file model.cif (mmCIF, C-alpha atoms and all ligand atoms)
data_final
loop_
_atom_site.label_atom_id
_atom_site.label_comp_id
_atom_site.auth_asym_id
_atom_site.auth_seq_id
_atom_site.Cartn_x
_atom_site.Cartn_y
_atom_site.Cartn_z
CA MET A 1 108.04 113.33 109.40
CA LYS A 2 108.81 116.81 108.16
CA ARG A 3 112.33 117.97 107.46
CA PHE A 4 113.75 120.68 109.68
CA GLU A 5 116.51 123.20 109.28
CA CYS A 6 118.64 124.93 111.91
CA SER A 7 119.02 128.73 111.72
CA CYS A 8 122.57 128.04 110.35
CA GLY A 9 121.09 126.10 107.42
CA GLN A 10 122.08 122.62 108.65
CA ALA A 11 119.49 119.85 108.18
CA VAL A 12 118.32 118.75 111.65
CA PHE A 13 115.97 116.00 112.75
CA PHE A 14 112.94 115.45 114.96
CA HIS A 15 114.96 113.85 117.79
CA ASN A 16 117.80 116.45 117.83
CA SER A 17 118.31 118.68 120.87
CA SER A 18 121.25 120.60 119.42
CA CYS A 19 122.67 121.37 115.99
CA ILE A 20 125.69 119.24 115.07
CA ARG A 21 127.09 122.13 113.00
CA CYS A 22 126.68 125.33 115.03
CA GLY A 23 125.88 123.75 118.44
CA VAL A 24 122.75 125.86 119.03
CA LEU A 25 120.09 124.38 121.35
CA LEU A 26 117.09 122.94 119.46
CA GLY A 27 113.63 122.17 120.79
CA PHE A 28 110.34 120.98 119.35
CA ASP A 29 107.41 123.37 119.57
CA SER A 30 104.35 121.08 119.61
CA SER A 31 101.92 123.95 118.93
CA ARG A 32 103.68 124.78 115.65
CA LEU A 33 104.91 121.21 115.01
CA THR A 34 108.38 122.42 114.22
CA LEU A 35 111.90 122.12 115.56
CA ILE A 36 113.32 125.53 116.47
CA ALA A 37 116.71 127.03 117.29
CA LEU A 38 116.83 128.64 120.74
CA GLN A 39 118.85 131.22 122.60
CA GLY A 40 119.26 131.22 126.38
CA GLU A 41 119.13 128.24 128.70
CA GLY A 42 116.89 126.20 131.06
CA ASP A 43 113.76 128.18 131.96
CA HIS A 44 114.70 131.20 129.84
CA LEU A 45 114.71 130.16 126.21
CA ALA A 46 113.54 132.18 123.22
CA ASP A 47 113.40 131.69 119.46
CA ASP A 48 114.47 134.40 117.00
CA THR A 49 111.01 136.01 117.08
CA GLY A 50 111.15 136.44 120.87
CA GLN A 51 108.68 133.61 121.61
CA ARG A 52 109.64 132.27 125.07
CA TYR A 53 109.92 128.66 126.24
CA ARG A 54 111.22 126.29 128.90
CA THR A 55 112.65 122.83 128.38
CA CYS A 56 110.46 119.89 129.44
CA ARG A 57 111.20 118.62 132.96
CA ASN A 58 112.18 115.21 131.53
CA ALA A 59 114.94 116.98 129.57
CA ARG A 60 116.31 118.44 132.78
CA ASP A 61 115.87 115.31 134.93
CA TYR A 62 116.67 112.55 132.42
CA GLY A 63 117.79 114.18 129.17
CA ASN A 64 115.21 112.17 127.22
CA CYS A 65 112.89 114.84 125.81
CA ASN A 66 113.50 117.66 123.32
CA TRP A 67 109.98 119.10 123.37
CA LEU A 68 109.37 122.59 124.71
CA VAL A 69 106.91 124.06 127.18
CA ALA A 70 105.58 127.55 126.32
CA ALA A 71 106.72 130.14 128.89
CA GLN A 72 103.09 130.92 129.85
CA ASP A 73 102.22 127.20 130.40
CA THR A 74 102.26 126.32 134.12
CA ASP A 75 102.97 122.60 133.53
CA ASP A 76 106.52 121.34 134.13
CA TYR A 77 106.18 118.78 131.36
CA CYS A 78 105.67 119.05 127.60
CA VAL A 79 102.36 117.89 126.07
CA ALA A 80 103.84 114.45 125.32
CA CYS A 81 105.45 113.83 128.72
CA ARG A 82 102.43 115.00 130.70
CA LEU A 83 100.60 111.98 129.25
CA ASN A 84 102.88 109.66 131.28
CA ARG A 85 101.13 108.16 134.30
CA THR A 86 103.78 105.56 135.12
CA ILE A 87 107.38 105.69 133.94
CA PRO A 88 109.60 102.58 133.90
CA ASN A 89 111.13 101.41 137.14
CA LEU A 90 114.52 103.12 136.94
CA THR A 91 116.06 101.05 139.75
CA ASN A 92 116.49 98.49 136.95
CA PRO A 93 119.46 100.05 135.05
CA ALA A 94 118.43 98.58 131.65
CA ASN A 95 115.15 100.48 131.85
CA ARG A 96 116.86 103.86 131.30
CA GLU A 97 117.77 102.92 127.74
CA TYR A 98 114.40 101.23 127.17
CA TRP A 99 112.56 104.30 128.43
CA ASP A 100 114.46 106.54 125.98
CA LEU A 101 113.36 104.29 123.12
CA ILE A 102 109.77 104.28 124.40
CA GLU A 103 109.77 108.09 124.61
CA ASP A 104 111.12 108.39 121.05
CA ALA A 105 108.29 106.23 119.74
CA LYS A 106 105.71 108.02 121.88
CA ARG A 107 106.73 111.46 120.59
CA ARG A 108 106.33 110.21 117.00
CA LEU A 109 102.83 109.05 117.83
CA VAL A 110 101.94 112.35 119.54
CA TYR A 111 103.37 114.30 116.60
CA ALA A 112 101.03 112.38 114.26
CA LEU A 113 98.02 112.86 116.56
CA LEU A 114 98.66 116.61 116.79
CA SER A 115 99.22 116.94 113.06
CA LEU A 116 95.88 115.18 112.50
CA ARG A 117 94.35 117.71 114.95
CA LEU A 118 93.14 114.91 117.21
CA PRO A 119 92.44 115.83 120.84
CA VAL A 120 95.48 115.11 123.04
CA PHE A 121 94.55 115.67 126.70
CA SER A 122 96.16 114.06 129.69
CA GLN A 123 94.15 112.02 132.20
CA THR A 124 96.86 112.89 134.71
CA ARG A 125 95.88 116.56 134.39
CA GLY A 126 92.22 116.10 135.26
CA TRP A 127 90.73 115.10 131.90
CA PRO A 128 88.69 111.96 132.77
CA HIS A 129 88.33 111.02 129.08
CA GLY A 130 91.92 111.90 128.31
CA LEU A 131 94.86 109.72 127.39
CA ALA A 132 97.56 108.33 129.72
CA PHE A 133 100.52 105.98 129.45
CA ASP A 134 101.78 103.33 131.85
CA PHE A 135 105.23 101.97 130.99
CA ILE A 136 105.60 98.92 133.21
CA GLU A 137 107.34 95.56 133.20
CA ASP A 138 106.52 92.00 134.22
CA HIS A 139 106.63 91.56 138.00
CA ALA A 140 108.16 88.54 139.68
CA HIS A 141 106.33 87.19 142.76
CA GLY A 142 108.65 84.51 144.03
CA GLU A 143 108.54 81.77 141.39
CA ALA A 144 105.53 83.26 139.59
CA VAL A 145 105.75 86.06 137.03
CA GLU A 146 102.88 88.47 136.59
CA ARG A 147 102.85 89.30 132.88
CA VAL A 148 102.07 92.84 131.73
CA MET A 149 100.05 92.89 128.52
CA THR A 150 100.49 95.82 126.15
CA HIS A 151 96.91 97.07 125.83
CA HIS A 152 94.43 99.92 126.16
CA ALA A 153 91.69 100.34 128.77
CA ASP A 154 89.66 103.51 129.51
CA GLY A 155 92.19 105.88 127.96
CA VAL A 156 95.21 104.26 129.63
CA VAL A 157 97.70 102.70 127.23
CA THR A 158 99.97 100.18 128.92
CA ILE A 159 103.23 99.31 127.20
CA ASN A 160 105.35 96.45 128.53
CA VAL A 161 108.85 97.95 128.88
CA ALA A 162 110.32 94.69 127.49
CA GLU A 163 108.92 95.73 124.08
CA ALA A 164 111.87 98.18 123.93
CA ASP A 165 114.31 95.25 124.16
CA ASP A 166 115.08 94.14 120.58
CA VAL A 167 115.73 90.53 121.61
CA MET A 168 112.54 90.20 123.65
CA ARG A 169 110.45 91.92 120.99
CA THR A 170 111.83 89.69 118.23
CA MET A 171 111.11 86.62 120.34
CA SER A 172 107.53 87.81 120.88
CA ARG A 173 107.16 88.57 117.18
CA ARG A 174 108.24 85.04 116.25
CA GLN A 175 106.14 83.43 118.96
CA MET A 176 103.08 85.35 117.77
CA ASN A 177 103.92 84.59 114.15
CA GLU A 178 103.87 88.30 113.26
CA ARG A 179 105.56 89.97 110.29
CA TYR A 180 105.99 93.32 111.96
CA ARG A 181 106.37 94.36 115.59
CA THR A 182 107.79 97.72 116.71
CA LEU A 183 107.37 100.10 119.63
CA LEU A 184 105.93 102.73 117.30
CA GLY A 185 103.51 100.13 115.94
CA HIS A 186 102.32 99.39 119.50
CA PHE A 187 101.73 103.08 120.20
CA ARG A 188 99.81 103.53 116.96
CA HIS A 189 97.75 100.38 117.51
CA GLU A 190 96.78 101.23 121.11
CA SER A 191 95.94 104.83 120.16
CA ALA A 192 93.33 103.40 117.78
CA HIS A 193 91.45 101.79 120.67
CA TYR A 194 91.49 105.12 122.51
CA TYR A 195 90.20 107.18 119.56
CA PHE A 196 87.53 104.65 118.55
CA ASP A 197 84.88 106.07 120.89
CA HIS A 198 86.00 109.66 120.30
CA LEU A 199 85.67 109.40 116.54
CA LEU A 200 82.84 106.92 116.04
CA HIS A 201 80.06 108.33 118.20
CA ASP A 202 77.66 108.98 115.30
CA PRO A 203 75.28 105.99 114.68
CA MET A 204 75.69 106.37 110.89
CA GLN A 205 79.46 106.06 111.26
CA ARG A 206 79.05 103.01 113.47
CA THR A 207 76.87 101.37 110.83
CA ALA A 208 79.43 102.15 108.13
CA PHE A 209 82.15 100.78 110.43
CA ARG A 210 80.29 97.49 111.02
CA ILE A 211 79.73 96.92 107.31
CA LEU A 212 83.50 97.03 106.78
CA PHE A 213 84.97 95.68 110.02
CA GLY A 214 82.16 93.65 111.62
CA ASP A 215 80.32 94.13 114.90
CA GLU A 216 82.62 95.45 117.62
CA HIS A 217 80.26 94.05 120.29
CA GLN A 218 81.25 90.50 119.36
CA ASP A 219 82.49 88.84 122.59
CA TYR A 220 86.09 89.93 122.84
CA ALA A 221 87.44 87.29 125.25
CA THR A 222 85.94 84.42 123.22
CA ALA A 223 87.20 85.86 119.92
CA LEU A 224 90.74 86.33 121.24
CA ALA A 225 90.81 82.88 122.87
CA ASP A 226 89.70 81.41 119.54
CA TYR A 227 92.38 83.38 117.67
CA TYR A 228 95.16 82.24 120.03
CA ALA A 229 93.94 78.61 119.94
CA ASN A 230 93.30 78.27 116.20
CA GLY A 231 95.13 81.14 114.50
CA PRO A 232 93.62 83.36 111.80
CA PRO A 233 91.45 81.99 108.95
CA ALA A 234 93.55 80.72 106.02
CA ASP A 235 92.38 83.57 103.76
CA TRP A 236 92.94 86.40 106.29
CA GLN A 237 95.16 88.28 103.85
CA MET A 238 92.20 88.81 101.52
CA ARG A 239 90.35 90.79 104.19
CA HIS A 240 92.80 92.01 106.82
CA ILE A 241 96.05 93.97 106.95
CA SER A 242 97.55 91.53 109.48
CA ALA A 243 96.73 88.11 110.87
CA TYR A 244 95.98 89.65 114.28
CA ALA A 245 93.44 91.99 112.66
CA ALA A 246 91.34 88.88 111.96
CA ALA A 247 90.96 88.24 115.72
CA HIS A 248 88.12 90.73 116.38
CA PRO A 249 86.61 93.85 114.69
CA ALA A 250 88.18 96.08 117.38
CA GLU A 251 91.61 94.65 116.56
CA ASP A 252 90.94 95.01 112.84
CA TRP A 253 90.19 98.70 113.45
CA ALA A 254 93.37 99.13 115.54
CA GLU A 255 95.60 97.38 113.00
CA THR A 256 94.05 99.38 110.15
CA TRP A 257 94.40 102.71 111.98
CA ALA A 258 98.03 101.93 112.88
CA HIS A 259 98.67 101.04 109.27
CA TYR A 260 97.12 104.27 108.04
CA LEU A 261 99.45 106.21 110.36
CA HIS A 262 102.45 104.21 109.05
CA MET A 263 101.52 105.08 105.46
CA ARG A 264 100.81 108.71 106.17
CA ASP A 265 103.94 109.38 108.22
CA CYS A 266 106.24 107.44 105.92
CA LEU A 267 104.89 109.31 102.88
CA GLU A 268 105.29 112.64 104.67
CA THR A 269 108.96 111.73 105.22
CA ALA A 270 109.38 110.60 101.60
CA VAL A 271 107.90 113.89 100.32
CA ALA A 272 110.08 115.94 102.72
CA HIS A 273 113.18 114.22 101.30
CA ASP A 274 112.07 114.61 97.66
CA LEU A 275 111.66 110.85 97.20
CA VAL A 276 107.98 111.22 96.33
CA LYS A 277 106.44 114.28 94.63
CA THR A 278 103.23 114.38 96.64
CA SER A 279 101.32 112.21 99.05
CA GLY A 280 98.09 113.34 97.34
CA ASP A 281 94.91 114.91 98.68
CA THR A 282 92.56 112.03 98.03
CA PHE A 283 92.77 108.53 99.45
CA ASP A 284 93.27 107.07 95.95
CA ALA A 285 96.26 109.35 95.35
CA LEU A 286 97.71 108.52 98.76
CA LEU A 287 97.30 104.77 98.22
CA SER A 288 98.81 104.90 94.76
CA ALA A 289 101.82 106.97 95.99
CA TRP A 290 102.22 104.55 98.89
CA GLN A 291 102.06 101.40 96.76
CA GLU A 292 104.75 102.74 94.46
CA PHE A 293 106.96 104.02 97.26
CA SER A 294 106.66 100.93 99.50
CA VAL A 295 108.07 98.74 96.71
CA ALA A 296 111.12 101.04 96.57
CA LEU A 297 111.34 101.02 100.37
CA ASN A 298 111.59 97.21 100.44
CA GLU A 299 114.13 97.21 97.62
CA LEU A 300 116.23 99.78 99.51
CA ASN A 301 116.21 97.57 102.59
CA ARG A 302 117.11 94.46 100.57
CA SER A 303 120.01 96.29 98.96
CA ILE A 304 121.66 96.76 102.36
CA GLY A 305 120.88 93.24 103.53
CA LEU A 306 117.89 94.04 105.74
CA SER A 307 114.52 92.32 105.68
CA ASP A 308 111.52 94.10 104.16
CA ALA A 309 110.57 97.32 105.92
CA TYR A 310 107.02 96.83 104.67
CA PRO A 311 105.90 93.18 104.79
CA PHE A 312 102.25 93.86 103.94
CA VAL A 313 99.81 93.45 101.07
CA ILE A 314 96.86 95.82 100.69
CA SER A 315 93.94 93.82 99.26
CA PRO A 316 90.84 95.71 97.96
CA PRO A 317 88.84 95.11 101.20
CA VAL A 318 91.81 96.38 103.26
CA ALA A 319 92.02 99.46 101.01
CA GLY A 320 88.31 100.04 101.78
CA LYS A 321 89.04 99.97 105.52
CA LEU A 322 92.01 102.33 105.15
CA ARG A 323 89.79 104.66 103.11
CA PHE A 324 87.28 104.63 105.98
CA VAL A 325 90.02 105.78 108.42
CA HIS A 326 91.20 108.43 105.93
CA GLU A 327 87.70 109.84 105.43
CA LEU A 328 86.85 109.72 109.11
CA LEU A 329 89.95 111.80 109.90
CA ARG A 330 89.33 114.23 107.06
CA ALA A 331 85.67 114.77 107.98
CA ARG A 332 86.65 116.22 111.35
ZN ZN A 401 122.98 125.06 113.36
ZN ZN A 402 108.74 116.12 127.37
ZN ZN A 403 94.46 95.97 120.22
#
call {"tool": "encode", "arguments": {"input": "model.cif", "output": "structure tokens"}}
result
Amino acid sequence: MKRFECSCGQAVFFHNSSCIRCGVLLGFDSSRLTLIALQGEGDHLADDTGQRYRTCRNARDYGNCNWLVAAQDTDDYCVACRLNRTIPNLTNPANREYWDLIEDAKRRLVYALLSLRLPVFSQTRGWPHGLAFDFIEDHAHGEAVERVMTHHADGVVTINVAEADDVMRTMSRRQMNERYRTLLGHFRHESAHYYFDHLLHDPMQRTAFRILFGDEHQDYATALADYYANGPPADWQMRHISAYAAAHPAEDWAETWAHYLHMRDCLETAVAHDLVKTSGDTFDALLSAWQEFSVALNELNRSIGLSDAYPFVISPPVAGKLRFVHELLRAR
């Protein structure tokens, strides 16, 4: 994440909607990918160049969005909120807090997608191949509970609202024997499934993909059933970034893509705060900066009594897969 500054000189952050020093209203302009200081209120906001904006409708209705809508845009919602197809059931009071956490993670994903110049179009606004989000929870039917799986299908990313509950998510992480499980990680992972078809339509790219990741047409249900019954192969760490990535080539792609976004965004933050000189132009430079910085990141966490922020090892085959994602994104 970049570092932002209020017009008064105070350092301000991606999630801020006002400056803690001078009190000015702040909003995120998704077309310029920057947080800006605003004059005026509600539907009549302007920055210091006279550019006009409105707040997102979710800011007015729920106070959970700091992104702006350009004055000439007819949509009530910002580009991130208009992706929502289903919001959490707010008759459950706990879901208000969970939804805020979900929106925070979603905006970080959308920021990364926009900064990578990936297409971000909403299915709910008439784009049949666009993206949409359903934030829903398990439903009880008498004694039976209908479980909601966090997944992607035909551009719709479903996130189980319980993933915003730290206790529930930690229980799932332990049950699944995972080293890392976060809301942001879910968003990044599911976005990979969505962009797979958008980015890998060229037969040459598909061939290159299969050499590294395997054949994505491998029967998915059988592969997943096998993974859940028997776990990953003992040597998964030699070839995959996570145990789950060993389940199926499509999951390997999603875990690798999510990991690439973790690396890229975390390095952007480190550079913005002068912790790293540069994230590098080439993949080799990026990987080398990341390997050095991630050691420091873990040590920083350990020095305040937290577990490792980065519990991963990048083996040479995994580096090859990350390079594939890097080059695919750069070739666009
Ligand atoms: Zn200020
Ligand atoms: Zn919004
Ligand atoms: Zn997946």
call {"tool": "atom_distance", "arguments": {"input": "model.cif", "atom1": "CA of Glu327 in chain A", "atom2": "CA of Asp252 in chain A"}}
result
16.9 Å
call {"tool": "atom_distance", "arguments": {"input": "model.cif", "atom1": "CA of Phe133 in chain A", "atom2": "CA of Thr86 in chain A"}}
result
6.6 Å
call {"tool": "closest_residue", "arguments": {"input": "model.cif", "among": "A:Tyr62, A:Tyr180, A:Trp67, A:Tyr260", "to": "ligand ZN 402 (chain A)", "atoms": "all atoms listed in the file"}}
result
A:Trp67
call {"tool": "residues_near_ligand", "arguments": {"input": "model.cif", "ligand": "ligand ZN 401 (chain A)", "cutoff": "9 Å", "atoms": "all atoms listed in the file", "output": "compact mmCIF listing (two decimals) with C-alpha atoms, in the frame of the given file"}}
result
# COMPACT_ATOMS: atom_id res chain seq x y z
CA GLU A 5 116.51 123.20 109.28
CA CYS A 6 118.64 124.93 111.91
CA SER A 7 119.02 128.73 111.72
CA CYS A 8 122.57 128.04 110.35
CA GLY A 9 121.09 126.10 107.42
CA GLN A 10 122.08 122.62 108.65
CA ALA A 11 119.49 119.85 108.18
CA VAL A 12 118.32 118.75 111.65
CA SER A 18 121.25 120.60 119.42
CA CYS A 19 122.67 121.37 115.99
CA ILE A 20 125.69 119.24 115.07
CA ARG A 21 127.09 122.13 113.00
CA CYS A 22 126.68 125.33 115.03
CA GLY A 23 125.88 123.75 118.44
CA VAL A 24 122.75 125.86 119.03
CA LEU A 25 120.09 124.38 121.35
CA LEU A 26 117.09 122.94 119.46
CA ALA A 37 116.71 127.03 117.29
call {"tool": "residues_around", "arguments": {"input": "model.cif", "residues": "Thr124 in chain A", "least_positions_apart": "3", "cutoff": "10 Å", "atoms": "only C-alpha atoms", "output": "compact mmCIF listing (two decimals) with C-alpha atoms, keeping the file's coordinate frame"}}
result
# COMPACT_ATOMS: atom_id res chain seq x y z
CA ARG A 82 102.43 115.00 130.70
CA LEU A 83 100.60 111.98 129.25
CA ASN A 84 102.88 109.66 131.28
CA ARG A 85 101.13 108.16 134.30
CA PHE A 121 94.55 115.67 126.70
CA TRP A 127 90.73 115.10 131.90
CA PRO A 128 88.69 111.96 132.77
CA GLY A 130 91.92 111.90 128.31
CA LEU A 131 94.86 109.72 127.39
CA ALA A 132 97.56 108.33 129.72
CA PHE A 133 100.52 105.98 129.45
call {"tool": "atom_distance", "arguments": {"input": "model.cif", "atom1": "CA of Thr182 in chain A", "atom2": "CA of Met263 in chain A"}}
result
14.8 Å
call {"tool": "build_atoms", "arguments": {"input": "model.cif", "residues": "range 112-123 of chain A", "atoms": "N, CA, C and O atoms", "output": "PDB file, in the frame of the given file"}}
result
ATOM      1  N   ALA A 112     102.056 112.728 115.258  1.00  0.00           N
ATOM      2  CA  ALA A 112     101.030 112.380 114.260  1.00  0.00           C
ATOM      3  C   ALA A 112      99.642 112.768 114.745  1.00  0.00           C
ATOM      4  O   ALA A 112      98.846 113.322 113.981  1.00  0.00           O
ATOM      5  N   LEU A 113      99.347 112.526 116.025  1.00  0.00           N
ATOM      6  CA  LEU A 113      98.020 112.860 116.560  1.00  0.00           C
ATOM      7  C   LEU A 113      97.775 114.361 116.474  1.00  0.00           C
ATOM      8  O   LEU A 113      96.693 114.808 116.079  1.00  0.00           O
ATOM      9  N   LEU A 114      98.801 115.147 116.840  1.00  0.00           N
ATOM     10  CA  LEU A 114      98.660 116.610 116.790  1.00  0.00           C
ATOM     11  C   LEU A 114      98.533 117.084 115.349  1.00  0.00           C
ATOM     12  O   LEU A 114      97.752 117.980 115.052  1.00  0.00           O
ATOM     13  N   SER A 115      99.296 116.471 114.445  1.00  0.00           N
ATOM     14  CA  SER A 115      99.220 116.940 113.060  1.00  0.00           C
ATOM     15  C   SER A 115      97.878 116.553 112.428  1.00  0.00           C
ATOM     16  O   SER A 115      97.426 117.212 111.503  1.00  0.00           O
ATOM     17  N   LEU A 116      97.226 115.530 112.967  1.00  0.00           N
ATOM     18  CA  LEU A 116      95.880 115.180 112.500  1.00  0.00           C
ATOM     19  C   LEU A 116      94.798 115.976 113.255  1.00  0.00           C
ATOM     20  O   LEU A 116      93.607 115.745 113.082  1.00  0.00           O
ATOM     21  N   ARG A 117      95.242 116.879 114.121  1.00  0.00           N
ATOM     22  CA  ARG A 117      94.350 117.710 114.950  1.00  0.00           C
ATOM     23  C   ARG A 117      93.412 116.869 115.813  1.00  0.00           C
ATOM     24  O   ARG A 117      92.243 117.218 116.041  1.00  0.00           O
ATOM     25  N   LEU A 118      93.916 115.737 116.279  1.00  0.00           N
ATOM     26  CA  LEU A 118      93.140 114.910 117.210  1.00  0.00           C
ATOM     27  C   LEU A 118      93.309 115.478 118.615  1.00  0.00           C
ATOM     28  O   LEU A 118      94.356 116.052 118.926  1.00  0.00           O
ATOM     29  N   PRO A 119      92.292 115.316 119.472  1.00  0.00           N
ATOM     30  CA  PRO A 119      92.440 115.830 120.840  1.00  0.00           C
ATOM     31  C   PRO A 119      93.502 115.044 121.604  1.00  0.00           C
ATOM     32  O   PRO A 119      93.491 113.809 121.590  1.00  0.00           O
ATOM     33  N   VAL A 120      94.448 115.759 122.224  1.00  0.00           N
ATOM     34  CA  VAL A 120      95.480 115.110 123.040  1.00  0.00           C
ATOM     35  C   VAL A 120      95.450 115.769 124.419  1.00  0.00           C
ATOM     36  O   VAL A 120      96.016 116.837 124.616  1.00  0.00           O
ATOM     37  N   PHE A 121      94.676 115.149 125.332  1.00  0.00           N
ATOM     38  CA  PHE A 121      94.550 115.670 126.700  1.00  0.00           C
ATOM     39  C   PHE A 121      94.993 114.600 127.671  1.00  0.00           C
ATOM     40  O   PHE A 121      94.735 113.419 127.444  1.00  0.00           O
ATOM     41  N   SER A 122      95.615 115.027 128.742  1.00  0.00           N
ATOM     42  CA  SER A 122      96.160 114.060 129.690  1.00  0.00           C
ATOM     43  C   SER A 122      95.187 113.742 130.822  1.00  0.00           C
ATOM     44  O   SER A 122      94.715 114.654 131.503  1.00  0.00           O
ATOM     45  N   GLN A 123      94.948 112.460 131.031  1.00  0.00           N
ATOM     46  CA  GLN A 123      94.150 112.020 132.200  1.00  0.00           C
ATOM     47  C   GLN A 123      94.814 112.456 133.488  1.00  0.00           C
ATOM     48  O   GLN A 123      94.137 112.732 134.474  1.00  0.00           O
TER      49      GLN A 123
END
